[in-house]
Amino acid sequence: MRRLQHKDQFQGARHEAFVAATCIRAGYDIDYEDESDGTTRHVEFTATHRATGQKVSVEAKSRHRPGVLGREGTSVGSELVDAGIQRLIADALRKPASEPLVIFLDLNLPPYSPEHTTKEWFEKIADPILEKHAIGKSNDPWNLLLFSNIPNHYADDDSPAPRAYINGLFGRNPVILEKHPEALKALFDAAMKFGNLPNSFEEMQ
């Protein structure tokens, strides 16, 4: 909560809150890493799916852009914005993951740049990641890669909020194979429900 009150930390803290909320909605318990241990790098947290016992290593990355969400500089039009996310993926993959890896990536793109699920989106966002980070021709180092773009902050004052979206890529023959694919499917489904309020809440023991 303290990080949400600091302009230069708000973006990352907001995305991490979205990631944690998605995992909880999917039926996971969260175990945060010991960030005081400086001898090694850490993923964001380990999450355990209560229904199956499946553990996953979760990493959260958010793309900073000039002039957006408290960052210095001047923002540019959507037609000039480069996705620029390869470095974030590479950094996430450098962190040691002991469980199947789930990466949540906040694109922080202006609305409709490009429109998700279109050929242009895959050419500019997904395909370069698959080409650069795949191991061989058919192996991915992640089990699930979840893209989010929640561009409310790009809207003008008093304008309707632009549409957010979530996209996901399941890994092909990942390095650490999950024992319960349904646990990853639960994460994907929970992410896709972003913005929908549940009618009831599970009783926590």
# chains A, B, ... in the order shown; residues from 1 in each chain; ligands from 1
>>> residues_around(residues="Pro141 in chain A", least_positions_apart="2", cutoff="9 Å", atoms="only C-alpha atoms", output="MDAnalysis selection string")
chainID A and resid 93 101 133:135 139 143 171:176
>>> residues_around(residues="Met192 in chain A", least_positions_apart="5", cutoff="8 Å", atoms="only C-alpha atoms", output="list in words")
Tyr165, Ile166 and Asn167 of chain A
>>> write_last_selection(atoms="C-alpha atoms", output="PDB file, in the first residue's frame")
ATOM      1  CA  TYR A 165      -7.819  -6.390 -22.526  1.00  0.00           C
ATOM      2  CA  ILE A 166      -6.003  -9.533 -21.446  1.00  0.00           C
ATOM      3  CA  ASN A 167      -4.270 -11.995 -23.780  1.00  0.00           C
TER       4      ASN A 167
END
>>> closest_residue(among="A:Val58, A:Ala17, A:Ala51, A:Ala190", to="Asp31 in chain A", atoms="only C-alpha atoms")
A:Val58
>>> residues_around(residues="Arg41 in chain A", least_positions_apart="3", cutoff="10 Å", atoms="only C-alpha atoms", output="list in words")
Glu33, Asp34, Glu35, Asp37, Gly38, Glu44, Arg94, Lys95, Pro96 and Ala97 of chain A
>>> closest_residue(among="A:Gly53, A:Ile24, A:Asn152, A:Thr46", to="Glu182 in chain A", atoms="only C-alpha atoms")
A:Gly53
>>> select_by_dssp(residues="range 88-166 of chain A", states="strand (DSSP E or B)", output="list in words")
Leu101, Val102, Ile103, Phe104, Leu105, Asp106, Ile135, Asn139, Leu144, Leu145, Leu146, Phe147, Ser148, Asn149, Tyr165 and Ile166 of chain A
